[in-house]
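Enquirer: Provided herewith: model32.tsv, TSV, C-alpha atoms.
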chain	number	residue	atom	x	y	z
A	1	MET	CA	-34.70	-49.77	-22.85
A	2	LYS	CA	-31.26	-50.69	-24.16
A	3	TYR	CA	-28.87	-48.20	-25.80
A	4	ILE	CA	-26.26	-48.93	-28.47
A	5	VAL	CA	-23.67	-46.84	-30.29
A	6	VAL	CA	-22.23	-48.30	-33.50
A	7	LEU	CA	-19.16	-46.13	-34.05
A	8	SER	CA	-17.83	-46.55	-37.59
A	9	ASP	CA	-14.48	-44.84	-37.19
A	10	GLY	CA	-13.67	-42.43	-40.01
A	11	MET	CA	-16.63	-43.63	-42.13
A	12	ALA	CA	-17.51	-40.17	-43.47
A	13	GLY	CA	-15.63	-38.72	-46.42
A	14	ARG	CA	-15.68	-36.41	-49.41
A	15	PRO	CA	-16.93	-36.85	-52.99
A	16	LEU	CA	-14.49	-38.72	-55.23
A	17	LYS	CA	-14.14	-38.42	-59.00
A	18	GLU	CA	-13.43	-42.13	-59.26
A	19	LEU	CA	-16.84	-42.77	-57.65
A	20	GLY	CA	-18.73	-40.40	-59.90
A	21	GLY	CA	-18.77	-37.61	-57.33
A	22	ARG	CA	-20.02	-39.86	-54.54
A	23	THR	CA	-18.45	-40.43	-51.15
A	24	THR	CA	-17.45	-43.95	-50.11
A	25	LEU	CA	-20.54	-44.04	-47.85
A	26	GLU	CA	-22.79	-43.07	-50.78
A	27	ALA	CA	-21.12	-45.69	-52.99
A	28	ALA	CA	-21.37	-48.50	-50.44
A	29	TYR	CA	-24.21	-51.04	-50.56
A	30	VAL	CA	-25.75	-50.53	-47.11
A	31	PRO	CA	-29.30	-51.92	-47.15
A	32	GLU	CA	-29.60	-52.00	-43.37
A	33	MET	CA	-28.61	-48.36	-42.93
A	34	ASP	CA	-30.93	-47.37	-45.75
A	35	ARG	CA	-33.78	-49.46	-44.29
A	36	LEU	CA	-33.45	-47.61	-40.98
A	37	ALA	CA	-33.01	-44.10	-42.40
A	38	PRO	CA	-36.70	-43.40	-43.27
A	39	MET	CA	-37.69	-44.47	-39.73
A	40	SER	CA	-34.92	-42.59	-37.90
A	41	GLU	CA	-33.69	-39.18	-36.89
A	42	VAL	CA	-30.84	-38.35	-39.28
A	43	GLY	CA	-28.63	-35.30	-39.23
A	44	LEU	CA	-25.15	-33.86	-38.83
A	45	VAL	CA	-23.08	-33.64	-35.65
A	46	SER	CA	-19.73	-31.97	-34.94
A	47	MET	CA	-17.74	-34.20	-32.62
A	48	VAL	CA	-14.50	-32.19	-32.76
A	49	PRO	CA	-14.69	-28.82	-30.97
A	50	GLU	CA	-13.42	-25.81	-32.88
A	51	GLY	CA	-9.71	-25.33	-32.34
A	52	MET	CA	-9.01	-28.97	-31.45
A	53	ALA	CA	-7.34	-31.52	-33.70
A	54	PRO	CA	-9.76	-33.92	-35.43
A	55	GLY	CA	-8.59	-37.07	-33.70
A	56	SER	CA	-10.36	-40.24	-32.62
A	57	ASP	CA	-9.43	-39.34	-29.05
A	58	THR	CA	-11.30	-36.02	-28.84
A	59	ALA	CA	-14.13	-37.25	-31.07
A	60	ASN	CA	-14.85	-40.48	-29.20
A	61	LEU	CA	-14.81	-38.66	-25.87
A	62	ALA	CA	-17.48	-36.38	-27.34
A	63	VAL	CA	-19.54	-39.30	-28.64
A	64	MET	CA	-19.43	-40.73	-25.11
A	65	GLY	CA	-20.84	-37.46	-23.77
A	66	TYR	CA	-17.62	-35.98	-22.35
A	67	ASP	CA	-16.81	-32.44	-23.50
A	68	PRO	CA	-13.25	-32.71	-24.90
A	69	LYS	CA	-12.52	-29.13	-23.89
A	70	ILE	CA	-12.90	-30.23	-20.27
A	71	TYR	CA	-11.76	-33.85	-20.22
A	72	TYR	CA	-9.09	-34.21	-22.93
A	73	THR	CA	-5.49	-34.48	-21.69
A	74	GLY	CA	-3.90	-36.21	-24.69
A	75	ARG	CA	-4.41	-39.40	-26.68
A	76	SER	CA	-1.64	-41.59	-25.37
A	77	PRO	CA	-2.66	-41.37	-21.68
A	78	LEU	CA	-6.03	-42.87	-22.58
A	79	GLU	CA	-4.24	-45.76	-24.25
A	80	ALA	CA	-2.04	-46.14	-21.17
A	81	LEU	CA	-5.17	-46.72	-19.11
A	82	SER	CA	-6.19	-49.56	-21.40
A	83	ILE	CA	-3.02	-51.58	-20.85
A	84	GLY	CA	-2.88	-50.93	-17.13
A	85	VAL	CA	-0.02	-48.46	-16.94
A	86	ASP	CA	-0.07	-46.79	-13.52
A	87	MET	CA	0.74	-43.23	-14.57
A	88	LYS	CA	1.77	-40.68	-11.95
A	89	ALA	CA	0.57	-37.11	-12.21
A	90	SER	CA	4.04	-35.98	-13.33
A	91	ASP	CA	4.40	-38.66	-16.05
A	92	VAL	CA	3.94	-38.00	-19.75
A	93	SER	CA	2.70	-40.71	-22.10
A	94	PHE	CA	3.57	-40.84	-25.81
A	95	ARG	CA	2.02	-43.02	-28.51
A	96	CYS	CA	4.80	-44.99	-30.16
A	97	ASN	CA	3.81	-46.07	-33.67
A	98	LEU	CA	5.87	-48.63	-35.53
A	99	VAL	CA	5.99	-46.97	-38.94
A	100	THR	CA	7.52	-47.64	-42.34
A	101	LEU	CA	10.07	-45.11	-43.57
A	102	SER	CA	11.72	-45.14	-46.98
A	103	GLU	CA	15.02	-47.02	-47.01
A	104	GLU	CA	17.19	-45.17	-49.52
A	105	ASP	CA	20.78	-44.28	-48.56
A	106	CYS	CA	20.25	-40.89	-46.90
A	107	ALA	CA	20.06	-39.13	-43.56
A	108	TYR	CA	17.15	-40.03	-41.27
A	109	GLU	CA	15.63	-36.56	-41.76
A	110	GLU	CA	15.49	-37.10	-45.53
A	111	ARG	CA	13.39	-40.23	-45.34
A	112	THR	CA	9.73	-40.32	-46.37
A	113	ILE	CA	6.97	-41.80	-44.25
A	114	LEU	CA	5.27	-44.51	-46.31
A	115	ASP	CA	2.91	-46.14	-43.82
A	116	HIS	CA	1.85	-45.16	-40.30
A	117	SER	CA	0.87	-48.79	-39.53
A	118	SER	CA	3.57	-50.88	-41.26
A	119	ASP	CA	0.91	-52.78	-43.22
A	120	GLU	CA	-1.09	-53.18	-40.00
A	121	ILE	CA	1.66	-55.27	-38.45
A	122	PRO	CA	0.23	-58.01	-36.19
A	123	THR	CA	0.73	-57.63	-32.45
A	124	GLU	CA	2.82	-60.81	-32.24
A	125	GLU	CA	5.49	-59.40	-34.55
A	126	ALA	CA	5.24	-55.88	-33.15
A	127	ALA	CA	5.80	-57.11	-29.60
A	128	ILE	CA	9.15	-58.60	-30.64
A	129	LEU	CA	10.20	-55.28	-32.17
A	130	VAL	CA	9.12	-53.30	-29.09
A	131	GLU	CA	11.22	-55.64	-26.94
A	132	ALA	CA	14.18	-54.79	-29.19
A	133	LEU	CA	13.46	-51.08	-28.63
A	134	LYS	CA	13.24	-51.62	-24.88
A	135	GLU	CA	16.73	-53.10	-24.92
A	136	GLY	CA	18.35	-50.85	-27.51
A	137	LEU	CA	16.85	-47.56	-26.28
A	138	LYS	CA	17.14	-48.25	-22.56
A	139	LYS	CA	17.30	-44.94	-20.70
A	140	SER	CA	16.56	-43.95	-17.10
A	141	GLY	CA	13.11	-42.39	-16.73
A	142	TYR	CA	11.73	-43.83	-19.99
A	143	SER	CA	9.71	-47.05	-20.33
A	144	PHE	CA	8.21	-48.80	-23.36
A	145	TYR	CA	4.94	-50.77	-23.23
A	146	VAL	CA	3.50	-53.15	-25.82
A	147	GLY	CA	0.06	-52.25	-27.14
A	148	THR	CA	-1.83	-53.60	-30.16
A	149	SER	CA	-0.66	-53.94	-33.77
A	150	TYR	CA	1.42	-50.83	-34.60
A	151	ARG	CA	0.19	-48.86	-31.55
A	152	HIS	CA	2.50	-48.84	-28.52
A	153	LEU	CA	3.53	-46.54	-25.65
A	154	LEU	CA	6.48	-44.68	-24.21
A	155	ILE	CA	6.17	-43.27	-20.68
A	156	GLN	CA	8.51	-40.50	-19.50
A	157	GLN	CA	8.80	-39.79	-15.80
A	158	ARG	CA	8.51	-36.12	-14.81
A	159	GLY	CA	8.05	-35.15	-18.43
A	160	THR	CA	6.73	-32.18	-20.32
A	161	VAL	CA	3.94	-32.36	-22.88
A	162	SER	CA	5.07	-31.14	-26.29
A	163	GLU	CA	3.25	-30.86	-29.61
A	164	LEU	CA	4.14	-33.75	-31.91
A	165	THR	CA	2.93	-34.67	-35.39
A	166	PRO	CA	0.69	-37.72	-35.92
A	167	PRO	CA	2.35	-39.91	-38.57
A	168	HIS	CA	-0.91	-40.44	-40.47
A	169	ASP	CA	-1.00	-36.67	-41.10
A	170	ILE	CA	2.22	-36.70	-43.15
A	171	LEU	CA	2.03	-39.83	-45.28
A	172	THR	CA	4.29	-39.62	-48.38
A	173	LYS	CA	6.10	-36.57	-46.97
A	174	LYS	CA	9.74	-36.16	-45.94
A	175	ILE	CA	9.91	-36.32	-42.16
A	176	GLY	CA	12.57	-33.70	-41.41
A	177	ALA	CA	10.17	-30.82	-40.77
A	178	TYR	CA	7.97	-32.94	-38.49
A	179	LEU	CA	10.48	-34.51	-36.13
A	180	PRO	CA	10.43	-33.80	-32.36
A	181	LYS	CA	12.37	-30.83	-31.07
A	182	ASP	CA	13.10	-32.74	-27.88
A	183	ALA	CA	16.65	-34.10	-28.25
A	184	VAL	CA	15.97	-37.33	-26.35
A	185	LEU	CA	12.88	-38.24	-28.36
A	186	LEU	CA	14.60	-37.37	-31.63
A	187	GLY	CA	17.66	-39.41	-30.67
A	188	MET	CA	15.48	-42.40	-29.83
A	189	MET	CA	13.66	-42.22	-33.14
A	190	LYS	CA	16.90	-42.06	-35.13
A	191	LYS	CA	18.41	-44.96	-33.21
A	192	SER	CA	15.21	-46.97	-33.54
A	193	TYR	CA	15.77	-47.06	-37.31
A	194	ASP	CA	19.21	-48.58	-36.80
A	195	ILE	CA	17.75	-51.16	-34.41
A	196	LEU	CA	14.78	-52.15	-36.55
A	197	GLU	CA	15.94	-51.81	-40.16
A	198	ASN	CA	17.53	-55.25	-40.37
A	199	HIS	CA	15.79	-56.93	-37.49
A	200	PRO	CA	14.87	-60.56	-38.36
A	201	VAL	CA	11.16	-59.73	-38.12
A	202	ASN	CA	11.54	-57.08	-40.81
A	203	ILE	CA	13.72	-59.27	-43.00
A	204	ARG	CA	10.94	-61.87	-42.97
A	205	ARG	CA	8.30	-59.21	-43.66
A	206	ARG	CA	10.15	-57.96	-46.75
A	207	LYS	CA	10.39	-61.53	-48.08
A	208	LYS	CA	6.61	-61.80	-47.73
A	209	GLY	CA	6.10	-58.56	-49.64
A	210	LEU	CA	5.11	-56.67	-46.49
A	211	ARG	CA	6.37	-53.28	-45.40
A	212	PRO	CA	8.97	-53.33	-42.60
A	213	ALA	CA	8.25	-51.66	-39.28
A	214	ASN	CA	11.56	-49.85	-39.37
A	215	SER	CA	11.15	-46.85	-37.06
A	216	ALA	CA	9.45	-45.68	-33.88
A	217	TRP	CA	7.37	-42.53	-34.17
A	218	PHE	CA	6.33	-40.62	-31.05
A	219	TRP	CA	3.16	-38.48	-30.88
A	220	GLY	CA	-0.06	-37.96	-28.90
A	221	ALA	CA	1.66	-36.78	-25.71
A	222	GLY	CA	-0.36	-36.12	-22.60
A	223	LYS	CA	-0.77	-36.32	-18.84
A	224	LYS	CA	-2.85	-38.70	-16.74
A	225	PRO	CA	-6.56	-38.21	-17.54
A	226	ALA	CA	-9.29	-37.60	-14.96
A	227	LEU	CA	-12.57	-38.93	-16.35
A	228	ASP	CA	-15.62	-39.56	-14.20
A	229	SER	CA	-17.85	-42.64	-14.15
A	230	PHE	CA	-20.19	-43.15	-17.09
A	231	GLU	CA	-22.58	-45.14	-14.90
A	232	LYS	CA	-22.74	-42.41	-12.25
A	233	ARG	CA	-23.29	-39.76	-14.94
A	234	THR	CA	-26.01	-41.63	-16.79
A	235	GLY	CA	-27.36	-44.34	-14.50
A	236	ARG	CA	-26.55	-46.92	-17.20
A	237	LYS	CA	-24.13	-49.82	-16.89
A	238	GLY	CA	-21.98	-49.75	-20.01
A	239	VAL	CA	-19.64	-51.98	-21.96
A	240	MET	CA	-17.03	-51.13	-24.61
A	241	ILE	CA	-16.32	-53.47	-27.53
A	242	SER	CA	-13.23	-52.40	-29.48
A	243	ALA	CA	-9.89	-53.76	-30.65
A	244	VAL	CA	-8.23	-50.37	-30.17
A	245	ASP	CA	-6.37	-49.39	-26.99
A	246	LEU	CA	-7.66	-45.81	-27.18
A	247	LEU	CA	-11.27	-46.93	-26.81
A	248	LYS	CA	-10.41	-49.50	-24.16
A	249	GLY	CA	-8.65	-46.68	-22.31
A	250	ILE	CA	-11.74	-44.47	-22.48
A	251	ALA	CA	-13.68	-47.43	-21.06
A	252	ALA	CA	-11.20	-47.87	-18.24
A	253	GLY	CA	-11.20	-44.16	-17.45
A	254	THR	CA	-14.99	-43.99	-17.34
A	255	GLY	CA	-15.47	-47.18	-15.35
A	256	MET	CA	-17.01	-49.19	-18.18
A	257	ASP	CA	-16.23	-52.85	-18.75
A	258	ALA	CA	-14.38	-53.79	-21.93
A	259	ILE	CA	-15.02	-57.01	-23.85
A	260	THR	CA	-12.19	-58.58	-25.84
A	261	VAL	CA	-13.49	-60.34	-28.95
A	262	GLU	CA	-11.36	-63.06	-30.50
A	263	GLY	CA	-10.25	-62.06	-33.99
A	264	ALA	CA	-10.98	-58.36	-33.49
A	265	ASN	CA	-7.85	-56.57	-34.68
A	266	GLY	CA	-8.78	-53.05	-35.81
A	267	GLY	CA	-8.23	-53.90	-39.48
A	268	LEU	CA	-10.32	-54.56	-42.56
A	269	HIS	CA	-10.65	-58.26	-41.74
A	270	THR	CA	-11.66	-57.86	-38.11
A	271	ASN	CA	-14.31	-60.05	-36.45
A	272	TYR	CA	-17.31	-57.82	-37.20
A	273	ARG	CA	-20.00	-60.34	-36.25
A	274	GLY	CA	-18.14	-61.33	-33.09
A	275	LYS	CA	-18.30	-57.72	-31.90
A	276	ALA	CA	-22.01	-57.46	-32.66
A	277	LYS	CA	-22.83	-60.75	-30.94
A	278	ALA	CA	-20.84	-59.67	-27.88
A	279	ALA	CA	-22.95	-56.52	-27.67
A	280	VAL	CA	-26.20	-58.48	-27.94
A	281	ARG	CA	-25.11	-60.88	-25.18
A	282	ALA	CA	-24.11	-58.00	-22.94
A	283	LEU	CA	-27.38	-56.12	-23.43
A	284	ALA	CA	-29.88	-58.96	-23.61
A	285	TYR	CA	-28.41	-61.51	-21.21
A	286	GLU	CA	-25.66	-60.00	-19.03
A	287	GLY	CA	-27.37	-57.02	-17.43
A	288	TYR	CA	-25.79	-54.14	-19.35
A	289	ASP	CA	-27.84	-51.11	-20.38
A	290	PHE	CA	-25.44	-49.53	-22.88
A	291	ALA	CA	-23.01	-50.93	-25.46
A	292	TYR	CA	-20.46	-49.03	-27.52
A	293	ILE	CA	-19.31	-50.99	-30.58
A	294	HIS	CA	-16.25	-49.37	-32.12
A	295	VAL	CA	-15.06	-50.50	-35.56
A	296	GLU	CA	-11.73	-49.09	-36.72
A	297	ALA	CA	-11.68	-50.48	-40.28
A	298	PRO	CA	-13.10	-47.51	-42.29
A	299	ASP	CA	-10.56	-45.19	-40.66
A	300	GLU	CA	-7.64	-47.48	-41.43
A	301	MET	CA	-8.73	-47.87	-45.06
A	302	GLY	CA	-9.07	-44.09	-45.33
A	303	HIS	CA	-5.50	-43.71	-44.09
A	304	GLN	CA	-4.39	-46.30	-46.65
A	305	GLY	CA	-6.05	-44.23	-49.39
A	306	SER	CA	-8.13	-47.14	-50.68
A	307	ALA	CA	-11.69	-46.25	-51.70
A	308	ALA	CA	-12.48	-49.89	-52.53
A	309	ASP	CA	-11.35	-51.16	-49.13
A	310	LYS	CA	-13.12	-48.35	-47.28
A	311	ILE	CA	-16.33	-49.24	-49.10
A	312	ALA	CA	-15.80	-52.89	-48.16
A	313	ALA	CA	-15.36	-51.91	-44.50
A	314	ILE	CA	-18.58	-49.87	-44.53
A	315	GLU	CA	-20.49	-52.72	-46.16
A	316	ASN	CA	-19.15	-55.15	-43.55
A	317	ILE	CA	-20.39	-52.87	-40.77
A	318	ASP	CA	-23.83	-52.71	-42.36
A	319	GLU	CA	-24.20	-56.45	-42.91
A	320	LYS	CA	-22.19	-57.96	-40.07
A	321	VAL	CA	-22.50	-55.42	-37.24
A	322	LEU	CA	-25.66	-53.37	-37.67
A	323	LYS	CA	-27.90	-56.18	-38.95
A	324	THR	CA	-26.57	-58.66	-36.37
A	325	VAL	CA	-27.21	-56.25	-33.48
A	326	ILE	CA	-30.75	-55.40	-34.61
A	327	CYS	CA	-31.74	-59.01	-35.28
A	328	GLY	CA	-30.23	-60.14	-31.99
A	329	LEU	CA	-32.00	-57.54	-29.87
A	330	GLU	CA	-35.31	-58.05	-31.63
A	331	GLU	CA	-35.10	-61.83	-31.21
A	332	ALA	CA	-34.43	-61.23	-27.49
A	333	GLY	CA	-37.50	-58.99	-27.29
A	334	GLU	CA	-35.53	-55.92	-26.23
A	335	GLU	CA	-36.62	-52.34	-26.84
A	336	TYR	CA	-33.65	-50.22	-27.87
A	337	ARG	CA	-32.32	-46.93	-29.18
A	338	LEU	CA	-29.40	-47.18	-31.60
A	339	LEU	CA	-27.01	-44.43	-32.66
A	340	LEU	CA	-24.92	-45.01	-35.79
A	341	LEU	CA	-22.22	-42.52	-36.74
A	342	PRO	CA	-18.53	-41.94	-37.49
A	343	ASP	CA	-16.41	-39.97	-35.04
A	344	HIS	CA	-14.81	-37.85	-37.80
A	345	PRO	CA	-14.25	-38.11	-41.56
A	346	THR	CA	-11.17	-39.86	-42.93
A	347	PRO	CA	-11.35	-39.03	-46.65
A	348	VAL	CA	-9.32	-41.40	-48.82
A	349	GLU	CA	-7.79	-38.56	-50.84
A	350	ALA	CA	-6.62	-36.80	-47.66
A	351	ARG	CA	-5.48	-40.04	-45.96
A	352	THR	CA	-5.93	-38.33	-42.58
A	353	HIS	CA	-8.69	-37.08	-40.28
A	354	THR	CA	-10.64	-33.94	-41.09
A	355	GLY	CA	-12.92	-31.88	-38.91
A	356	GLU	CA	-16.22	-31.63	-40.80
A	357	ALA	CA	-19.51	-32.56	-39.17
A	358	VAL	CA	-20.48	-36.22	-39.64
A	359	PRO	CA	-23.82	-37.89	-40.43
A	360	TYR	CA	-25.64	-39.61	-37.59
A	361	LEU	CA	-28.66	-41.92	-37.53
A	362	LEU	CA	-30.70	-42.40	-34.36
A	363	TYR	CA	-33.26	-45.23	-34.43
A	364	ASP	CA	-35.77	-45.97	-31.67
A	365	SER	CA	-37.48	-49.38	-31.87
A	366	THR	CA	-40.49	-47.97	-29.98
A	367	ALA	CA	-40.99	-44.56	-31.58
A	368	GLU	CA	-40.15	-44.27	-35.27
A	369	LYS	CA	-39.24	-40.88	-36.73
A	370	LYS	CA	-39.54	-39.69	-40.32
A	371	GLY	CA	-36.13	-39.52	-41.98
A	372	PRO	CA	-34.58	-39.42	-45.46
A	373	ALA	CA	-34.78	-42.26	-47.96
A	374	VAL	CA	-31.12	-43.25	-47.43
A	375	TYR	CA	-28.30	-42.53	-44.98
A	376	ASN	CA	-25.19	-40.63	-46.10
A	377	GLU	CA	-23.46	-37.27	-45.73
A	378	LYS	CA	-25.66	-35.53	-48.32
A	379	THR	CA	-29.03	-36.70	-47.01
A	380	ALA	CA	-27.99	-35.98	-43.42
A	381	ALA	CA	-27.14	-32.39	-44.37
A	382	GLY	CA	-30.52	-32.03	-46.04
A	383	THR	CA	-32.54	-32.81	-42.91
A	384	GLY	CA	-31.62	-29.58	-41.13
A	385	ASN	CA	-30.83	-31.48	-37.93
A	386	VAL	CA	-27.47	-30.17	-36.68
A	387	TRP	CA	-25.69	-30.66	-33.36
A	388	HIS	CA	-22.86	-28.15	-33.04
A	389	GLU	CA	-21.82	-29.42	-29.61
A	390	GLY	CA	-21.49	-33.10	-30.33
A	391	TYR	CA	-20.97	-34.25	-26.76
A	392	LYS	CA	-24.64	-33.39	-26.07
A	393	LEU	CA	-25.88	-36.04	-28.50
A	394	MET	CA	-25.30	-38.79	-25.92
A	395	ALA	CA	-27.88	-37.26	-23.57
A	396	HIS	CA	-30.30	-37.14	-26.51
A	397	LEU	CA	-29.67	-40.85	-27.19
A	398	LEU	CA	-30.28	-41.67	-23.52
A	399	GLN	CA	-33.49	-39.60	-23.47
A	400	GLU	CA	-32.09	-37.22	-20.89
A	401	GLU	CA	-32.55	-33.46	-20.75
A	402	VAL	CA	-30.03	-31.77	-23.05
A	403	CYS	CA	-28.53	-28.70	-21.40
Now, as a test, write the supplied structure out as structure tokens.
Expert:
Amino acid sequence: MKYIVVLSDGMAGRPLKELGGRTTLEAAYVPEMDRLAPMSEVGLVSMVPEGMAPGSDTANLAVMGYDPKIYYTGRSPLEALSIGVDMKASDVSFRCNLVTLSEEDCAYEERTILDHSSDEIPTEEAAILVEALKEGLKKSGYSFYVGTSYRHLLIQQRGTVSELTPPHDILTKKIGAYLPKDAVLLGMMKKSYDILENHPVNIRRRKKGLRPANSAWFWGAGKKPALDSFEKRTGRKGVMISAVDLLKGIAAGTGMDAITVEGANGGLHTNYRGKAKAAVRALAYEGYDFAYIHVEAPDEMGHQGSAADKIAAIENIDEKVLKTVICGLEEAGEEYRLLLLPDHPTPVEARTHTGEAVPYLLYDSTAEKKGPAVYNEKTAAGTGNVWHEGYKLMAHLLQEEVC
């Protein structure tokens, strides 16, 4: 038996007037999801424990079967694992977004945050800007590391974890009330604007009609994580397929292999089929028992506030990921159990994560269940299947005893 998770990041949402009171998932054309729904277990699952922020970090740990209340030490340290940063126990890691701030003539604190991703800046351009920050913000005990797209890292030696605001939580707002209280971090952010505002990379981006990556934004602080082996916990050899450093970091921390897929970039136009084909190869031909396919696109489109693009992302997952995985495994003659779900909602009107329960679909190629006619938030709620402790759903997928 093979096991697959198709994690559609942020896919769940809320009803929208512009969609006639439907969510983006309800409005999307998803024939593969709807074909599976009547043969599957469908329900709701809460992946974010009460009292914890609804982030992809806590939620994906839960999907993987790790109780966030026990294992979560911060988002950025997981990303540090993915790029090979050797954190010491006393180090603190910070996510460093390259964001777009408004550029009117005013104090830094008066600026508005326009985009947490700087139009999903490509890694090649972002790396040049991070190198400029390394040089311009050079300070003993602080080190910058290049990540992917707009997502990068700052490591502080012998640091203290402080609560910082995720930039995607305050889109369109003035930043003054959300800036770090730590004088060093605040000073770096202010100076980063001076370094980046007229950098040649940003001058070229403006000419192309793209938003400039004109400021660093620090958040997601945490200490070195201590995750245990997924294979030792479950007896299954697993592989992670994601373009996002956070998920690659979870893989590294849990001893799973990570596959890099050419053209996978975490955006709307990622290599969906390439991810699915990589999972099929790993499961059917390379000796893996478990594959976790993470697709970031619905979350990013939710943050951008675009219902049309979020629908497009969901439809791409249905056609290019889900269908490709199922066809590939069936052609290979593999029996499998497949779990499809988001980690958290990212409603387009909120443009940030929310903490509601999300719809899941669990299909077993050997033992069909009776489920609803279609798969979405509303039909999942109507089944009466509810998992309040989401981290236990992994054991259910793997056919293990649920404690």
Enquirer: Got a sec: who's within 10 Å of A:Thr254, counting only C-alpha atoms, leaving out chain neighbours fewer than 6 positions off, as a tab-separated table (two decimals) with C-alpha atoms, in the frame of the given file?
Expert:
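Full text of selection.tsv as output:
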chain	number	residue	atom	x	y	z
A	64	MET	CA	-19.43	-40.73	-25.11
A	66	TYR	CA	-17.62	-35.98	-22.35
A	226	ALA	CA	-9.29	-37.60	-14.96
A	227	LEU	CA	-12.57	-38.93	-16.35
A	228	ASP	CA	-15.62	-39.56	-14.20
A	229	SER	CA	-17.85	-42.64	-14.15
A	230	PHE	CA	-20.19	-43.15	-17.09
A	231	GLU	CA	-22.58	-45.14	-14.90
A	232	LYS	CA	-22.74	-42.41	-12.25
A	233	ARG	CA	-23.29	-39.76	-14.94
A	238	GLY	CA	-21.98	-49.75	-20.01
A	248	LYS	CA	-10.41	-49.50	-24.16
Enquirer: Quick one: pull the distance between atom CA of A:Leu61 and atom CA of A:Thr366, Å, one decimal.
Expert: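 A separation of 27.6 Å between them.
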Enquirer: Given only C-alpha atoms as the basis, pick out the residue of A:Val63, A:Met11, A:Ala276, A:Val42 nearest to A:Ala27.
Expert: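 For A:Ala27, the nearest of the given residues is A:Met11.
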Enquirer: State, in Å with one decimal place, the distance from atom CA of A:Glu18 to atom CA of A:Pro342.
Expert: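 Between these atoms lies a distance of 22.4 Å.
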Enquirer: Could you work out how far atom CA of A:Ala126 lies from atom CA of A:Leu98, giving the answer in Å with one decimal?
Expert: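 Separation between atom CA of A:Leu98 and atom CA of A:Ala126: 7.7 Å.
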Enquirer: Need to verify the contact set: stretch 32-36 of chain A, 8 Å, all atoms listed in the file, exclusion of same-chain residues closer than 6 positions in sequence. Can you return it as a PDB file with C-alpha atoms, in the frame of the given file?
Expert:
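Output file out-v6.pdb is given in full below:
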ATOM      1  CA  ASP A 318     -23.830 -52.710 -42.360  1.00  0.00           C
ATOM      2  CA  GLU A 319     -24.200 -56.450 -42.910  1.00  0.00           C
ATOM      3  CA  LEU A 322     -25.660 -53.370 -37.670  1.00  0.00           C
ATOM      4  CA  LYS A 323     -27.900 -56.180 -38.950  1.00  0.00           C
ATOM      5  CA  TYR A 363     -33.260 -45.230 -34.430  1.00  0.00           C
ATOM      6  CA  ALA A 373     -34.780 -42.260 -47.960  1.00  0.00           C
ATOM      7  CA  VAL A 374     -31.120 -43.250 -47.430  1.00  0.00           C
ATOM      8  CA  TYR A 375     -28.300 -42.530 -44.980  1.00  0.00           C
TER       9      TYR A 375
END
Enquirer: Each residue of stretch 107-145 of chain A lying at most 12 Å from stretch 282-301 of chain A should get a row with its shortest atom-to-atom pair and the distance in Å to one decimal, counting all atoms listed in the file; could you produce that, ordered by chain and increasing number, as JSON lines?
Expert:
{"residue": "A:Asp115", "atom": "CA", "partner": "A:Glu300", "partner_atom": "CA", "distance": 10.9}
{"residue": "A:His116", "atom": "CA", "partner": "A:Glu300", "partner_atom": "CA", "distance": 9.8}
{"residue": "A:Ser117", "atom": "CA", "partner": "A:Glu300", "partner_atom": "CA", "distance": 8.8}
{"residue": "A:Ser118", "atom": "CA", "partner": "A:Glu300", "partner_atom": "CA", "distance": 11.7}
{"residue": "A:Asp119", "atom": "CA", "partner": "A:Glu300", "partner_atom": "CA", "distance": 10.2}
{"residue": "A:Glu120", "atom": "CA", "partner": "A:Glu300", "partner_atom": "CA", "distance": 8.8}
Enquirer: Please list, as a PyMOL selection string, the residues that have an atom at most 10 Å away from (-16.4, -50.0, -44.0) in the coordinates of this file, counting all atoms listed in the file.
Expert: chain A and resi 8-12+24-25+28+30+268+295-302+307-318
Enquirer: Measuring between all atoms listed in the file, which one of A:Ile113, A:Leu129, A:Val146, A:Leu137 shows the shortest distance to A:Lys173?
Expert: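 Among A:Ile113, A:Leu129, A:Val146, A:Leu137, it is A:Ile113 that comes nearest to A:Lys173.
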Enquirer: Using only C-alpha atoms, which protein or nucleic acid residues come within 9 Å of stretch 68-71 of chain A? Drop anything in the same chain fewer than 4 positions from it, and give the result as a PyMOL selection string.
Expert: chain A and resi 48-49+52+57-59+61-62+225-227+391
